Amino acid sequence: MNPIMTATDWVADTEHSTAAFQVGHFGRHVRGEAPVMAGLLTLAPDGRPVSATGVIDLAAIDTGHARRDRDLRKPRLLDLDRHPRMTFTAEDITAEDGRWRVAGVASARGRTVPLIFTVDAFDVTDTTVTVTASTVLDRTQLGLRAPSLLIGRWIDITVRVVLRPALQVG
């Protein structure tokens with residue numbers, strides 16, 4: 001039997017997964033990426049998602065501008081020397097209007113905030129599932145205090161995770 005049909009635990013293929021973001025900066029938009037370090041999706045026997053977790057390596061953030069990336073490391077911004085990771089743990093996964101809604105908590109900078117992802121794409125092949133999900137994060141909830149002209153309040157985040165059955169990875 002095809003393992004794609006029987007697997008209940010799916011792990012992120014970190015080599016092919018990424019988190020992208022966009023935030024306002026001086027009236028423009030800054031885009032960047034950070035690697036996905038880990039991820040786990042667990043499905044019920046009927047194929048319904050029941051839990052999801054993920055870890056993003058903020059210490060490897062890349063905005064395409066080295067000075068900006070260094071500035072993000074500072075304690076008044078992301079404080080990456082003390083808090084190099086962002087984690088997400090789903091607390092509720094529901095189908096809503098033909099799309100998945102994944103509500104949970106994100107932790108970064110020593111703070112935990114609620115976050116709701118909408119699954120925008122769910123693509124299945126013979127060996128992988130690729131999930132693309134998006135959310136909007138209020139940076140002030142993480143304690144990032146900067147004038148909104150410098151850094152917009154709302155950060156658009158899109159995570160694209162390629163998952164493989166755990167039995168293929170293990």
# chains A, B, ... in the order shown; residues from 1 in each chain; ligands from 1
>>> residues_around(residues="Glu33 in chain A", least_positions_apart="5", cutoff="7 Å", atoms="only C-alpha atoms", output="list in words")
Thr18, Ala19, Ala20, Phe21, Ile61, Asp62 and Thr63 of chain A
>>> residues_around(residues="range 100-115 of chain A", least_positions_apart="4", cutoff="8 Å", atoms="only C-alpha atoms", output="PDB file with N, CA, C and O atoms, in the first residue's frame")
ATOM      1  N   LEU A  78      14.330  41.883  17.089  1.00  0.00           N
ATOM      2  CA  LEU A  78      14.022  40.462  17.297  1.00  0.00           C
ATOM      3  C   LEU A  78      14.854  39.799  18.394  1.00  0.00           C
ATOM      4  O   LEU A  78      14.524  38.703  18.822  1.00  0.00           O
ATOM      5  N   ASP A  79      15.925  40.448  18.829  1.00  0.00           N
ATOM      6  CA  ASP A  79      16.764  39.920  19.909  1.00  0.00           C
ATOM      7  C   ASP A  79      17.185  38.478  19.599  1.00  0.00           C
ATOM      8  O   ASP A  79      17.023  37.562  20.401  1.00  0.00           O
ATOM      9  N   LEU A  80      17.744  38.295  18.414  1.00  0.00           N
ATOM     10  CA  LEU A  80      18.014  36.956  17.902  1.00  0.00           C
ATOM     11  C   LEU A  80      19.133  36.213  18.617  1.00  0.00           C
ATOM     12  O   LEU A  80      19.166  34.980  18.570  1.00  0.00           O
ATOM     13  N   ARG A  82      19.386  36.010  21.816  1.00  0.00           N
ATOM     14  CA  ARG A  82      18.709  35.343  22.940  1.00  0.00           C
ATOM     15  C   ARG A  82      17.518  34.503  22.505  1.00  0.00           C
ATOM     16  O   ARG A  82      17.154  33.554  23.187  1.00  0.00           O
ATOM     17  N   HIS A  83      16.903  34.854  21.370  1.00  0.00           N
ATOM     18  CA  HIS A  83      15.684  34.170  20.913  1.00  0.00           C
ATOM     19  C   HIS A  83      15.779  33.878  19.408  1.00  0.00           C
ATOM     20  O   HIS A  83      15.139  34.544  18.601  1.00  0.00           O
ATOM     21  N   ARG A  85      14.719  31.438  17.551  1.00  0.00           N
ATOM     22  CA  ARG A  85      13.687  30.621  16.909  1.00  0.00           C
ATOM     23  C   ARG A  85      12.292  31.192  17.134  1.00  0.00           C
ATOM     24  O   ARG A  85      12.037  31.877  18.110  1.00  0.00           O
ATOM     25  N   MET A  86      11.410  30.856  16.225  1.00  0.00           N
ATOM     26  CA  MET A  86       9.986  31.096  16.407  1.00  0.00           C
ATOM     27  C   MET A  86       9.309  29.739  16.303  1.00  0.00           C
ATOM     28  O   MET A  86       9.603  28.977  15.372  1.00  0.00           O
ATOM     29  N   THR A  87       8.436  29.440  17.259  1.00  0.00           N
ATOM     30  CA  THR A  87       7.716  28.165  17.222  1.00  0.00           C
ATOM     31  C   THR A  87       6.229  28.426  17.042  1.00  0.00           C
ATOM     32  O   THR A  87       5.729  29.501  17.388  1.00  0.00           O
ATOM     33  N   PHE A  88       5.552  27.440  16.505  1.00  0.00           N
ATOM     34  CA  PHE A  88       4.097  27.496  16.375  1.00  0.00           C
ATOM     35  C   PHE A  88       3.530  26.144  16.771  1.00  0.00           C
ATOM     36  O   PHE A  88       4.038  25.106  16.343  1.00  0.00           O
ATOM     37  N   THR A  89       2.489  26.181  17.580  1.00  0.00           N
ATOM     38  CA  THR A  89       1.778  24.965  17.972  1.00  0.00           C
ATOM     39  C   THR A  89       0.298  25.190  17.716  1.00  0.00           C
ATOM     40  O   THR A  89      -0.295  26.125  18.274  1.00  0.00           O
ATOM     41  N   ALA A  90      -0.277  24.343  16.882  1.00  0.00           N
ATOM     42  CA  ALA A  90      -1.707  24.442  16.590  1.00  0.00           C
ATOM     43  C   ALA A  90      -2.499  23.953  17.790  1.00  0.00           C
ATOM     44  O   ALA A  90      -2.138  22.966  18.430  1.00  0.00           O
ATOM     45  N   GLU A  91      -3.580  24.662  18.084  1.00  0.00           N
ATOM     46  CA  GLU A  91      -4.477  24.261  19.162  1.00  0.00           C
ATOM     47  C   GLU A  91      -5.843  23.848  18.635  1.00  0.00           C
ATOM     48  O   GLU A  91      -6.586  23.156  19.308  1.00  0.00           O
ATOM     49  N   ASP A  92      -6.154  24.282  17.411  1.00  0.00           N
ATOM     50  CA  ASP A  92      -7.460  23.968  16.828  1.00  0.00           C
ATOM     51  C   ASP A  92      -7.324  24.000  15.308  1.00  0.00           C
ATOM     52  O   ASP A  92      -6.894  25.009  14.748  1.00  0.00           O
ATOM     53  N   ILE A  93      -7.671  22.903  14.671  1.00  0.00           N
ATOM     54  CA  ILE A  93      -7.616  22.815  13.208  1.00  0.00           C
ATOM     55  C   ILE A  93      -9.021  22.490  12.739  1.00  0.00           C
ATOM     56  O   ILE A  93      -9.572  21.445  13.097  1.00  0.00           O
ATOM     57  N   THR A  94      -9.608  23.387  11.954  1.00  0.00           N
ATOM     58  CA  THR A  94     -10.977  23.194  11.499  1.00  0.00           C
ATOM     59  C   THR A  94     -11.110  23.499  10.020  1.00  0.00           C
ATOM     60  O   THR A  94     -10.364  24.302   9.467  1.00  0.00           O
ATOM     61  N   ALA A  95     -12.077  22.847   9.396  1.00  0.00           N
ATOM     62  CA  ALA A  95     -12.420  23.155   8.009  1.00  0.00           C
ATOM     63  C   ALA A  95     -13.433  24.294   8.056  1.00  0.00           C
ATOM     64  O   ALA A  95     -14.376  24.279   8.855  1.00  0.00           O
ATOM     65  N   GLU A  96     -13.200  25.305   7.217  1.00  0.00           N
ATOM     66  CA  GLU A  96     -14.060  26.483   7.211  1.00  0.00           C
ATOM     67  C   GLU A  96     -14.189  26.980   5.781  1.00  0.00           C
ATOM     68  O   GLU A  96     -13.195  27.371   5.178  1.00  0.00           O
ATOM     69  N   VAL A 119      -4.965  27.873   5.450  1.00  0.00           N
ATOM     70  CA  VAL A 119      -4.259  27.027   4.484  1.00  0.00           C
ATOM     71  C   VAL A 119      -4.733  27.436   3.096  1.00  0.00           C
ATOM     72  O   VAL A 119      -5.904  27.272   2.749  1.00  0.00           O
ATOM     73  N   THR A 135      -0.793  34.028   7.313  1.00  0.00           N
ATOM     74  CA  THR A 135      -1.338  34.681   8.493  1.00  0.00           C
ATOM     75  C   THR A 135      -0.840  36.116   8.530  1.00  0.00           C
ATOM     76  O   THR A 135       0.029  36.501   7.740  1.00  0.00           O
ATOM     77  N   VAL A 136      -1.378  36.880   9.451  1.00  0.00           N
ATOM     78  CA  VAL A 136      -0.914  38.243   9.699  1.00  0.00           C
ATOM     79  C   VAL A 136      -0.591  38.346  11.181  1.00  0.00           C
ATOM     80  O   VAL A 136      -1.410  38.002  12.033  1.00  0.00           O
ATOM     81  N   LEU A 137       0.620  38.794  11.479  1.00  0.00           N
ATOM     82  CA  LEU A 137       1.106  38.920  12.847  1.00  0.00           C
ATOM     83  C   LEU A 137       1.189  40.394  13.226  1.00  0.00           C
ATOM     84  O   LEU A 137       1.728  41.200  12.458  1.00  0.00           O
ATOM     85  N   GLN A 141       2.534  42.730  19.522  1.00  0.00           N
ATOM     86  CA  GLN A 141       2.285  41.657  20.488  1.00  0.00           C
ATOM     87  C   GLN A 141       3.579  40.946  20.895  1.00  0.00           C
ATOM     88  O   GLN A 141       3.641  40.331  21.942  1.00  0.00           O
ATOM     89  N   LEU A 142       4.594  41.037  20.045  1.00  0.00           N
ATOM     90  CA  LEU A 142       5.893  40.440  20.369  1.00  0.00           C
ATOM     91  C   LEU A 142       6.808  41.439  21.075  1.00  0.00           C
ATOM     92  O   LEU A 142       7.970  41.140  21.342  1.00  0.00           O
ATOM     93  N   GLY A 143       6.306  42.629  21.337  1.00  0.00           N
ATOM     94  CA  GLY A 143       7.103  43.632  22.026  1.00  0.00           C
ATOM     95  C   GLY A 143       8.010  44.428  21.117  1.00  0.00           C
ATOM     96  O   GLY A 143       8.908  45.111  21.585  1.00  0.00           O
TER      97      GLY A 143
END
>>> select_by_dssp(residues="range 87-168 of chain A", states="helix (DSSP H, G or I)", output="PyMOL selection string")
chain A and resi 139-142+166-168
>>> write_last_selection(atoms="N, CA, C and O atoms", output="CSV table (one decimal), in the first residue's frame")
chain,number,residue,atom,x,y,z
A,139,ARG,N,3.1,42.8,15.1
A,139,ARG,CA,4.4,42.8,15.7
A,139,ARG,C,4.5,43.4,17.1
A,139,ARG,O,5.3,43.1,17.9
A,140,THR,N,3.5,44.3,17.5
A,140,THR,CA,3.5,44.9,18.8
A,140,THR,C,3.2,43.8,19.9
A,140,THR,O,3.6,44.0,21.0
A,141,GLN,N,2.5,42.7,19.5
A,141,GLN,CA,2.3,41.7,20.5
A,141,GLN,C,3.6,40.9,20.9
A,141,GLN,O,3.6,40.3,21.9
A,142,LEU,N,4.6,41.0,20.0
A,142,LEU,CA,5.9,40.4,20.4
A,142,LEU,C,6.8,41.4,21.1
A,142,LEU,O,8.0,41.1,21.3
A,166,ALA,N,6.5,10.3,7.9
A,166,ALA,CA,7.5,10.1,8.9
A,166,ALA,C,8.2,8.7,8.7
A,166,ALA,O,9.4,8.6,8.9
A,167,LEU,N,7.4,7.7,8.2
A,167,LEU,CA,8.0,6.4,8.0
A,167,LEU,C,9.0,6.4,6.8
A,167,LEU,O,9.9,5.6,6.8
A,168,GLN,N,8.9,7.4,5.9
A,168,GLN,CA,9.9,7.6,4.9
A,168,GLN,C,11.2,8.2,5.4
A,168,GLN,O,12.3,8.0,4.9
>>> select_by_dssp(residues="range 42-114 of chain A", states="strand (DSSP E)", output="PyMOL selection string")
chain A and resi 42-43+49-57+85-96+99-108+111-114
>>> closest_residue(among="A:Gly39, A:Asp46, A:Gly32, A:His65", to="Val162 in chain A", atoms="only C-alpha atoms")
A:Gly39
>>> atom_distance(atom1="CA of Asp120 in chain A", atom2="CA of Ala133 in chain A")
5.2 Å
>>> closest_residue(among="A:Gly152, A:Glu15, A:Thr158, A:Arg31", to="Thr132 in chain A", atoms="only C-alpha atoms")
A:Thr158
>>> atom_distance(atom1="CA of Leu163 in chain A", atom2="CA of Ala59 in chain A")
22.6 Å
>>> closest_residue(among="A:Thr130, A:Thr42, A:Gln22, A:Thr8", to="Ile151 in chain A", atoms="only C-alpha atoms")
A:Gln22
